[in-house]
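Working notes, beginning with the structure itself.
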Amino acid sequence: MKTFVMKSIGRVGFAEKPVPKPGPFDAIVKTTNALICTSDSHTVHGAIGPRENLTLGHEAVGVVHEVGAEVRGFRPGDRVVVGAITPDWGDPASQAGHSSQSGQALGGWKFANIKDGVFAEYFHVNDADANLAHIPATVADEAAVYCADMLSTGLMAAENAAIPMGGTVAIFALGPVGLMATAGAKLCGAGLIIGIDNVPRRLELARKYGADVTIDFSRQDPVAEVVQLAEGVGVDSAIEALGGDITFQNAVKVTKPGGTISNAGYHGGGEFVHIPRLDWGVGMAEKTIRTGLCPGGRLRMERLLRLVERGRVDPTLLTTHRFRFDEMAEAFEMMDEKRDGIIKPLILFG
Ligand code: ZN
């Protein structure tokens with residue numbers, strides 16, 4: 001089968017590999033739609049260290065091709081979404097409610113990390129009964145595929161932000177995760193949603209997804225502006241959806257005492273992430289910092305699919321570009337360089 005791989009740090013391309021076989025509890029899925037993620041670019045640039053011929057990708061939907069003898073809930077031909085994070089559900093971390101950290105920190109992240117990913121004609125899913133979900137007939141593949149990561153991570157950011165009903169929230173960076181966090185904040189009942197970015201297309205989308213006010217940080221000081229909008233005391237909740245030291249510091253600065261900072265960003269650079277000491281109340285302002293990695297699992301996917309099915313959120317507005325699988329190299333380069341206002345490129349398999 002055809003796969004799209006990281007050949008080595010900084011190099012990508014197509015490679016032929018055998019179609020994987022399932023273990024007793026596993027499934028093999030034939031890919032129909034996939035999305036390229038910014039973290040695929042991070043991986044190719046060395047974020048998780050060197051890899052050789054590792055199949056990229058972790059956001060996909062498809063049709064079940066083959067299942068192991070012990071799989072109960074899925075049969076060949078079923079349309080399925082699989083979470084980007086495919087935890088080991090028997091692990092103590094999963095039992096404690098932290099399935100994304102199963103095995104070790106971030107251990108639920110297997111695709112294009114510790115095993116081949118989903119940019120392939122077929123891919124392998126461990127623990128199929130727990131990690132796959134049926135796609136309702138009324139939900140298109142190109143919408144369902146957002147449940148794998150963008151909806152799950154973005155909504156997690158809003159859930160972790162503990163936004164009080166009617167409360168105020170600031171969202172730093174409006175890439176696909178920040179935009180889904182915006183939709184999530186609205187679903188959580190936020191009374192004032194402030195989105196911060198500098199790309200006009202993203203600011204406009206944020207308003208569509210529920211932002212009441214958007215701030216272009218290249219024109220205005222986002223900290224002063226957010227604090228002023230939040231009655232001079234700061235917001236109840238701030239979401240960091242970039243993974244930048246400055247945006248993280250700004251999130252701490254604009255959050256009022258007793259509030260919550262929810263980090264969804266991937267902090268890939270530098271040795272430290274800094275907490276501004278005085279804005280943190282010298283460690284005593286009762287500000288909570290919560291972190292999380294995209295939640296996976298069947299129950300999570302089913303809930304997200306319900307939101308899509310009922311029209312509570314339309315993630316397909318994020319699709320700015322479409323490519324066929326054989327145009328993957330071009331799509332990847334475009335995403336890598338964030339050309340042409342790209343937000344999410346959808347990859348269609350034959
Ligand atoms: Zn992703």
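Just remember, in the structure tokens the first chain shown is A, the second B, etc., residues are 1-based per chain, and ligands are 1-based in the order shown.
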
*Please check which protein, DNA or RNA residues sit within 7 Å of ligand 1, counting only C-alpha atoms and all ligand atoms, and write them as a PyMOL selection string.*
chain A and resi 37-39+58-59+84+149-150

*Please provide the set of residues having any atom within 10 Å of region 301-311 of chain A, restricted to only C-alpha atoms, with same-chain residues fewer than 5 positions apart removed, written as a list in words.*
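Everything that qualifies: Val80, Val81, Val82, Gly83, Asn131, Leu132, Ala133, His134, Ile135, Pro136, Ala137, Thr138, Val139, Ala140, Ala143, Ala144, Val145, Tyr146, Cys147, Ala148, Asp149, Leu151, Ser152, Leu155, Leu187, Pro295, Gly296 and Thr316 of chain A.
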
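Distances here use only C-alpha atoms; by that measure, the residue among A:Gly283, A:Ala241, A:Thr32, A:Ile215 closest to Arg324 (chain A) is A:Thr32.
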
*asked:* Ranking A:Ala93, A:Ser100, A:Val29, A:Gly268 by minimum distance to Ala47 (chain A) and counting only C-alpha atoms, which one comes first?
replied: A:Gly268

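Distances from A:Ile9, A:Val71, A:Ala27, A:Ala185 to His45 (chain A) were compared using only C-alpha atoms, and the smallest one belongs to A:Ile9.
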
*Near Ala183 (chain A), within 8 Å and counting only C-alpha atoms, which residues show up once chain neighbours fewer than 6 positions away are dropped, as JSON, numbers by chain?*
{"A": [155, 209, 210, 313]}

Once you have the residues from the selection above, write them out as a JSON list (two decimals), in the first residue's frame, restricted to N, CA, C and O atoms.
[["chain", "number", "residue", "atom", "x", "y", "z"],
["A", 155, "LEU", "N", -12.29, 21.48, 22.24],
["A", 155, "LEU", "CA", -13.33, 21.42, 23.27],
["A", 155, "LEU", "C", -12.74, 21.08, 24.64],
["A", 155, "LEU", "O", -13.19, 21.59, 25.66],
["A", 209, "TYR", "N", -17.56, 31.44, 14.98],
["A", 209, "TYR", "CA", -17.66, 30.35, 15.96],
["A", 209, "TYR", "C", -18.09, 30.84, 17.35],
["A", 209, "TYR", "O", -18.20, 30.04, 18.27],
["A", 210, "GLY", "N", -18.27, 32.16, 17.52],
["A", 210, "GLY", "CA", -18.84, 32.60, 18.79],
["A", 210, "GLY", "C", -18.06, 33.67, 19.53],
["A", 210, "GLY", "O", -18.47, 34.09, 20.61],
["A", 313, "VAL", "N", -22.04, 22.45, 16.24],
["A", 313, "VAL", "CA", -20.80, 23.04, 15.74],
["A", 313, "VAL", "C", -20.53, 22.46, 14.35],
["A", 313, "VAL", "O", -20.81, 21.28, 14.10]]

*Can you tell me, as a PyMOL selection string, what residues are no more than 6 Å from region 167-179 of chain A when counting only C-alpha atoms, ignoring any on the same chain fewer than 2 positions away?*
chain A and resi 150+154+163-165+181-182+190-197+202+206+235-242

Kindly save the residues from that selection, with N, CA, C and O atoms included, as an mmCIF file, in the first residue's frame.
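Okay, this is what ended up in result_17.cif:
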data_model
loop_
_atom_site.group_PDB
_atom_site.id
_atom_site.type_symbol
_atom_site.label_atom_id
_atom_site.label_comp_id
_atom_site.auth_asym_id
_atom_site.auth_seq_id
_atom_site.Cartn_x
_atom_site.Cartn_y
_atom_site.Cartn_z
ATOM 1 N N MET A 150 -9.018 18.032 16.247
ATOM 2 C CA MET A 150 -9.321 19.464 16.398
ATOM 3 C C MET A 150 -10.497 19.722 17.339
ATOM 4 O O MET A 150 -10.413 20.559 18.229
ATOM 5 N N GLY A 154 -9.791 21.120 20.979
ATOM 6 C CA GLY A 154 -10.352 22.461 21.179
ATOM 7 C C GLY A 154 -11.418 22.471 22.270
ATOM 8 O O GLY A 154 -11.439 23.348 23.140
ATOM 9 N N ILE A 163 -14.985 27.473 32.586
ATOM 10 C CA ILE A 163 -15.660 28.762 32.364
ATOM 11 C C ILE A 163 -16.987 28.764 33.124
ATOM 12 O O ILE A 163 -17.834 27.899 32.891
ATOM 13 N N PRO A 164 -17.174 29.723 34.030
ATOM 14 C CA PRO A 164 -18.475 29.756 34.717
ATOM 15 C C PRO A 164 -19.570 30.132 33.711
ATOM 16 O O PRO A 164 -19.301 30.861 32.758
ATOM 17 N N MET A 165 -20.774 29.646 33.894
ATOM 18 C CA MET A 165 -21.897 30.031 33.029
ATOM 19 C C MET A 165 -21.993 31.551 33.027
ATOM 20 O O MET A 165 -22.074 32.181 34.087
ATOM 21 N N ALA A 181 -11.790 25.796 20.300
ATOM 22 C CA ALA A 181 -11.926 26.215 21.703
ATOM 23 C C ALA A 181 -12.949 27.353 21.807
ATOM 24 O O ALA A 181 -13.710 27.430 22.776
ATOM 25 N N THR A 182 -12.974 28.205 20.787
ATOM 26 C CA THR A 182 -13.960 29.293 20.748
ATOM 27 C C THR A 182 -15.375 28.701 20.681
ATOM 28 O O THR A 182 -16.265 29.102 21.449
ATOM 29 N N ALA A 190 -20.150 30.507 27.971
ATOM 30 C CA ALA A 190 -19.413 31.746 28.267
ATOM 31 C C ALA A 190 -20.277 32.965 27.945
ATOM 32 O O ALA A 190 -21.030 32.965 26.976
ATOM 33 N N GLY A 191 -20.145 34.008 28.766
ATOM 34 C CA GLY A 191 -20.916 35.238 28.546
ATOM 35 C C GLY A 191 -20.179 36.241 27.696
ATOM 36 O O GLY A 191 -20.771 37.122 27.071
ATOM 37 N N LEU A 192 -18.849 36.151 27.670
ATOM 38 C CA LEU A 192 -18.027 37.034 26.830
ATOM 39 C C LEU A 192 -16.819 36.243 26.356
ATOM 40 O O LEU A 192 -16.049 35.724 27.173
ATOM 41 N N ILE A 193 -16.684 36.126 25.027
ATOM 42 C CA ILE A 193 -15.573 35.377 24.442
ATOM 43 C C ILE A 193 -14.701 36.350 23.652
ATOM 44 O O ILE A 193 -15.187 37.031 22.743
ATOM 45 N N ILE A 194 -13.419 36.408 24.018
ATOM 46 C CA ILE A 194 -12.474 37.306 23.356
ATOM 47 C C ILE A 194 -11.419 36.446 22.653
ATOM 48 O O ILE A 194 -10.751 35.623 23.295
ATOM 49 N N GLY A 195 -11.293 36.622 21.333
ATOM 50 C CA GLY A 195 -10.316 35.845 20.559
ATOM 51 C C GLY A 195 -9.155 36.730 20.127
ATOM 52 O O GLY A 195 -9.364 37.886 19.731
ATOM 53 N N ILE A 196 -7.947 36.198 20.215
ATOM 54 C CA ILE A 196 -6.741 36.981 19.901
ATOM 55 C C ILE A 196 -5.898 36.274 18.845
ATOM 56 O O ILE A 196 -5.529 35.110 19.015
ATOM 57 N N ASP A 197 -5.594 36.973 17.748
ATOM 58 C CA ASP A 197 -4.717 36.466 16.693
ATOM 59 C C ASP A 197 -4.316 37.679 15.845
ATOM 60 O O ASP A 197 -4.648 38.814 16.199
ATOM 61 N N ARG A 202 -8.654 34.201 10.280
ATOM 62 C CA ARG A 202 -8.879 33.498 11.553
ATOM 63 C C ARG A 202 -9.764 34.331 12.487
ATOM 64 O O ARG A 202 -10.640 33.793 13.165
ATOM 65 N N ALA A 206 -13.311 33.185 13.932
ATOM 66 C CA ALA A 206 -13.552 33.180 15.383
ATOM 67 C C ALA A 206 -14.894 33.839 15.699
ATOM 68 O O ALA A 206 -15.655 33.357 16.542
ATOM 69 N N VAL A 235 -10.120 38.142 33.054
ATOM 70 C CA VAL A 235 -11.141 37.148 32.690
ATOM 71 C C VAL A 235 -11.184 35.994 33.693
ATOM 72 O O VAL A 235 -10.231 35.735 34.419
ATOM 73 N N ASP A 236 -12.323 35.309 33.692
ATOM 74 C CA ASP A 236 -12.444 34.102 34.530
ATOM 75 C C ASP A 236 -11.508 32.999 34.033
ATOM 76 O O ASP A 236 -10.966 32.235 34.829
ATOM 77 N N SER A 237 -11.372 32.924 32.702
ATOM 78 C CA SER A 237 -10.625 31.810 32.123
ATOM 79 C C SER A 237 -9.836 32.295 30.913
ATOM 80 O O SER A 237 -10.310 33.158 30.162
ATOM 81 N N ALA A 238 -8.651 31.742 30.735
ATOM 82 C CA ALA A 238 -7.863 32.029 29.538
ATOM 83 C C ALA A 238 -7.398 30.712 28.943
ATOM 84 O O ALA A 238 -7.085 29.766 29.667
ATOM 85 N N ILE A 239 -7.400 30.682 27.621
ATOM 86 C CA ILE A 239 -6.988 29.460 26.909
ATOM 87 C C ILE A 239 -5.757 29.774 26.067
ATOM 88 O O ILE A 239 -5.756 30.757 25.316
ATOM 89 N N GLU A 240 -4.734 28.951 26.207
ATOM 90 C CA GLU A 240 -3.519 29.090 25.398
ATOM 91 C C GLU A 240 -3.568 28.000 24.341
ATOM 92 O O GLU A 240 -3.516 26.815 24.659
ATOM 93 N N ALA A 241 -3.675 28.404 23.072
ATOM 94 C CA ALA A 241 -3.845 27.424 21.992
ATOM 95 C C ALA A 241 -2.740 27.549 20.949
ATOM 96 O O ALA A 241 -2.949 27.328 19.768
ATOM 97 N N LEU A 242 -1.570 27.935 21.398
ATOM 98 C CA LEU A 242 -0.447 28.105 20.466
ATOM 99 C C LEU A 242 0.771 27.279 20.885
ATOM 100 O O LEU A 242 1.353 26.564 20.083
#

_Can you tell me which residues surround Val252 (chain A) at a distance of at most 12 Å, considering only C-alpha atoms, apart from same-chain residues fewer than 4 positions away, and format the answer as a ChimeraX atom specification?_
/A:170-172,223,226-227,234-240,245-248,256-263,273-283,285-290

*Would you return as a count of residues only the members of region 239-288 of chain A that DSSP assigns to alpha helix (DSSP H) on this structure's backbone?*
10

*asked:* Using only C-alpha atoms, which protein or nucleic acid residues come within 8 Å of Glu16 (chain A)? Drop anything in the same chain fewer than 4 positions from it, and give the result as a ChimeraX atom specification.
replied: /A:1-3

*Name the closest residue to Asp88 (chain A) among the candidates A:Val19, A:Ile48, A:Ala130, A:Val64; distances are taken between atoms, counting only C-alpha atoms.*
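The shortest atom-to-atom distance to Asp88 (chain A) comes from A:Ala130.
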
*Looking only at strand (DSSP E or B) from DSSP on the backbone, list the matching residues of region 270-330 of chain A as a count of residues only.*
10

*Find the distance between CA of Gly23 (chain A) and CA of Asp116 (chain A) and write it in Å to one decimal.*
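Distance reported for this atom pair: 15.3 Å.
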
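The shortest atom-to-atom distance to Pro50 (chain A), with only C-alpha atoms taken into account, belongs to A:Ala112 out of A:Met180, A:Ala112, A:Ala211, A:Leu318.
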
*Find the residue from A:Val199, A:Met284, A:Ala230, A:Ala251 that sits nearest to Gly341 (chain A); use only C-alpha atoms when measuring.*
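Smallest separation from Gly341 (chain A) among the options: A:Val199.
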